[in-house]
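Source file: coords.cif (mmCIF, C-alpha atoms)
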```cif
data_coords
loop_
_atom_site.label_atom_id
_atom_site.label_comp_id
_atom_site.auth_asym_id
_atom_site.auth_seq_id
_atom_site.Cartn_x
_atom_site.Cartn_y
_atom_site.Cartn_z
CA MET F 9 65.50 9.57 -11.95
CA ALA F 10 68.29 7.02 -12.34
CA SER F 11 67.45 3.35 -12.17
CA VAL F 12 68.72 1.42 -9.15
CA ASP F 13 70.38 -1.82 -10.25
CA TYR F 14 72.06 -2.85 -6.99
CA PHE F 15 71.47 -2.35 -3.30
CA GLU F 16 72.59 -3.83 0.03
CA ARG F 17 70.34 -4.19 3.06
CA LYS F 18 70.11 -5.72 6.50
CA LEU F 19 66.87 -7.50 7.27
CA ASP F 20 65.12 -6.45 10.47
CA ASP F 21 64.20 -8.90 13.24
CA LYS F 22 60.96 -9.82 11.42
CA HIS F 23 62.82 -10.69 8.18
CA ARG F 24 61.62 -7.54 6.44
CA LEU F 25 63.54 -6.12 3.51
CA THR F 26 63.31 -2.38 2.92
CA ILE F 27 63.06 -1.58 -0.79
CA PRO F 28 64.91 1.60 -1.82
CA ILE F 29 62.51 4.48 -2.31
CA GLU F 30 63.57 4.80 -5.97
CA LEU F 31 62.28 1.27 -6.65
CA ARG F 32 59.00 1.27 -4.75
CA ASN F 33 56.87 2.24 -7.75
CA GLU F 34 58.08 -0.90 -9.55
CA PHE F 35 56.63 -3.01 -6.75
CA VAL F 36 53.34 -1.18 -6.24
CA SER F 37 51.51 -4.15 -7.85
CA GLY F 38 52.96 -6.44 -5.18
CA VAL F 39 56.07 -8.58 -4.78
CA VAL F 40 56.68 -12.22 -5.71
CA LEU F 41 59.57 -13.95 -3.98
CA THR F 42 60.72 -17.35 -5.13
CA ARG F 43 63.73 -19.62 -5.47
CA GLY F 44 66.10 -18.71 -8.25
CA PHE F 45 67.98 -20.87 -10.73
CA GLY F 46 70.69 -21.40 -8.09
CA GLN F 47 71.02 -20.94 -4.33
CA TYR F 48 69.57 -17.44 -4.35
CA LEU F 49 66.15 -15.80 -4.56
CA HIS F 50 64.28 -13.95 -7.27
CA MET F 51 62.19 -10.90 -6.38
CA TYR F 52 59.67 -9.92 -9.06
CA PRO F 53 57.19 -7.08 -9.24
CA GLN F 54 53.79 -8.83 -9.26
CA ALA F 55 52.99 -7.29 -12.65
CA VAL F 56 56.18 -8.76 -14.18
CA TRP F 57 55.45 -12.18 -12.66
CA ASP F 58 51.90 -12.15 -14.01
CA ARG F 59 52.86 -10.89 -17.47
CA GLU F 60 56.13 -12.70 -18.15
CA VAL F 61 56.76 -15.60 -15.78
CA GLU F 62 53.24 -17.02 -15.67
CA SER F 63 53.01 -17.03 -19.46
CA ALA F 64 56.41 -18.76 -19.76
CA LEU F 65 55.48 -21.37 -17.14
CA GLY F 66 52.16 -22.03 -18.83
CA SER F 67 53.41 -23.55 -22.07
CA SER F 68 52.99 -27.20 -23.08
CA ILE F 69 51.81 -29.46 -20.30
CA LEU F 70 54.01 -32.23 -21.74
CA ASP F 71 57.23 -30.18 -21.80
CA GLU F 72 59.44 -31.61 -19.04
CA LYS F 73 61.75 -28.57 -18.99
CA VAL F 74 58.77 -26.29 -18.37
CA ALA F 75 57.48 -28.68 -15.69
CA ASP F 76 60.89 -28.55 -13.96
CA LEU F 77 60.82 -24.75 -14.08
CA ASN F 78 57.33 -24.74 -12.57
CA VAL F 79 58.56 -26.86 -9.67
CA ARG F 80 61.60 -24.64 -9.14
CA PHE F 81 59.77 -21.31 -9.23
CA ARG F 82 56.55 -22.32 -7.50
CA ARG F 83 58.18 -24.23 -4.63
CA GLY F 84 58.14 -21.81 -1.75
CA LYS F 85 56.77 -18.95 -3.87
CA THR F 86 55.24 -16.17 -1.83
CA GLU F 87 53.25 -13.15 -2.93
CA VAL F 88 53.32 -10.18 -0.60
CA GLU F 89 52.20 -6.59 -0.62
CA LEU F 90 54.73 -3.81 -0.28
CA ASP F 91 54.25 -1.98 3.02
CA GLN F 92 53.52 1.44 1.52
CA LYS F 93 54.49 3.36 4.65
CA GLN F 94 57.95 1.85 5.16
CA GLY F 95 58.53 0.19 1.76
CA ARG F 96 59.16 -3.22 3.29
CA VAL F 97 58.43 -6.80 2.32
CA THR F 98 58.72 -9.84 4.56
CA ILE F 99 60.84 -12.73 3.33
CA GLU F 100 59.76 -16.08 4.76
CA GLN F 101 62.33 -18.08 6.71
CA HIS F 102 62.29 -21.09 4.35
CA LEU F 103 63.33 -18.84 1.46
CA LEU F 104 66.11 -17.24 3.52
CA ASP F 105 67.34 -20.71 4.48
CA TYR F 106 67.31 -21.85 0.85
CA ALA F 107 69.44 -18.90 -0.24
CA GLY F 108 71.70 -18.96 2.80
CA ILE F 109 70.71 -15.42 3.71
CA ASP F 110 71.10 -14.68 7.40
CA ARG F 111 70.65 -10.97 7.95
CA GLU F 112 72.55 -9.09 5.27
CA LEU F 113 71.79 -9.38 1.59
CA ILE F 114 72.58 -7.86 -1.74
CA ALA F 115 70.06 -7.33 -4.51
CA VAL F 116 71.14 -7.14 -8.13
CA ARG F 117 68.84 -6.33 -11.04
CA ALA F 118 68.61 -9.13 -13.60
CA GLY F 119 66.43 -7.55 -16.26
CA ALA F 120 62.89 -7.16 -14.95
CA TYR F 121 63.54 -8.75 -11.53
CA PHE F 122 66.13 -8.76 -8.75
CA ARG F 123 68.39 -11.57 -7.61
CA LEU F 124 68.77 -11.67 -3.81
CA LEU F 125 72.00 -13.16 -2.46
CA PRO F 126 73.77 -13.35 0.89
CA ALA F 127 76.00 -10.31 1.33
CA ASP F 128 79.04 -12.55 1.80
CA THR F 129 78.83 -14.11 -1.68
CA SER F 130 80.34 -13.25 -5.01
CA ALA F 131 77.81 -15.14 -7.16
#
```

Would you kindly transcribe this structure into C-alpha cells?
Amino acid sequence: MASVDYFERKLDDKHRLTIPIELRNEFVSGVVLTRGFGQYLHMYPQAVWDREVESALGSSILDEKVADLNVRFRRGKTEVELDQKQGRVTIEQHLLDYAGIDRELIAVRAGAYFRLLPADTSA
C-alpha cells in the first residue's frame, strides 16, 4: 500500500478531523496534537511522540534551546485516541485558533509526523 503524504479535509461541527483510512494504523497508539515551529500544528502518532520527541525534549535541564522547545511543544499539547469506528480525532479550539484553521485544512507529512495548516495557505 502506498504511503499517504498529503491530504485535505474539512473538520466537522465538533472540530473532528477524519484521518485517511490508509494512515489509521500509524495512529493506533494515539494522536498527539501540538503547536508547530510556526503558525501551524504538528500531529504525531503517540508512539513517535513517546520515542522521538520526548527523548529530544528531555535533554539537559540547563539547555535554554531545549527549554524553549519544551514550552513551544507542550503549550496546548493534547493527547487523544483515534476514534476506531470513524477514524477521527478532535482538535481543540485553542489549537485551531493558533494555526488559523477555521474548517478546512491540509495535512502534509514531515517525516514521522504531519504538519496541519489552513487550506488557504501556501506555507

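Using all atoms listed in the file, the shortest contact distance between Gly95 in chain F and any of F:Val12, F:Leu65, F:Leu41, F:Leu31 is found at F:Leu31.
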
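What separates CA of His102 in chain F from CA of Val61 in chain F is a distance of 21.6 Å.
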
Polymer residues at most 9 Å from Arg111 in chain F, all atoms listed in the file, same-chain spacing of 6 or more positions, as JSON, numbers by chain = {"F": [17, 18, 19, 20, 21, 23, 104, 126, 127]}

Counting all atoms listed in the file, figure out which residue out of F:Ala55, F:Val40, F:Leu124, F:Val116 gets nearest to Ser11 in chain F.
->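 Comparing F:Ala55, F:Val40, F:Leu124, F:Val116 against Ser11 in chain F, the winner is F:Val116.
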
Around the point (53.2, 0.0, 4.3), in the coordinates given by the file, pick out the residues reaching within 12 Å, counting all atoms listed in the file, and return them as a count of residues only.
-> 18

Do you have the CA of Val56 in chain F-CA of Asp128 in chain F distance handy?
-> 28.1 Å

Just how far from CA of His50 in chain F is CA of Arg123 in chain F, in Å to one decimal?
->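 Atom-to-atom, CA of Arg123 in chain F and CA of His50 in chain F are spaced 4.8 Å apart.
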
Go through F:Asp58, F:Glu16, F:Asp105, F:Glu30 and flag the residue nearest Glu87 in chain F, using all atoms listed in the file for the distances.
-> F:Asp58

Once the PyMOL selection byres ((chain F and resi 107) around 9) has been applied to the shown file, what residues remain in the selection, as a PyMOL selection string?
-> chain F and resi 43-44+46-49+102-106+108-110+124-126

Name the residues within 8 Å of (60.5, -21.2, -6.6), counting all atoms listed in the file in the file's coordinates, and put them as a PyMOL selection string.
-> chain F and resi 41-44+78-85

Give the padded box for range 79-89 of chain F as AutoDock Vina command-line options: axis-aligned, covering all atoms listed in the file, 8 Å on each side, centre and edge lengths in Å to one decimal.
```
--center_x 56.9 --center_y -16.7 --center_z -5.1 --size_x 25.4 --size_y 36.3 --size_z 25.1
```

Which residue gives the smallest distance to Ala120 in chain F among F:Val39, F:Val74, F:Trp57, F:Thr86, with all atoms listed in the file counted?
->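 Using all atoms listed in the file, the shortest distance to Ala120 in chain F belongs to F:Trp57.
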
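Residues matched by the PyMOL selection byres ((chain F and resi 15) around 6) in this file: Tyr14, Glu16, Ile114 and Ala115 of chain F.
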
Smallest atom-to-atom distance to Leu77 in chain F: which of F:Gln54, F:Phe45, F:Arg59, F:Asp13, using all atoms listed in the file?
-> F:Phe45
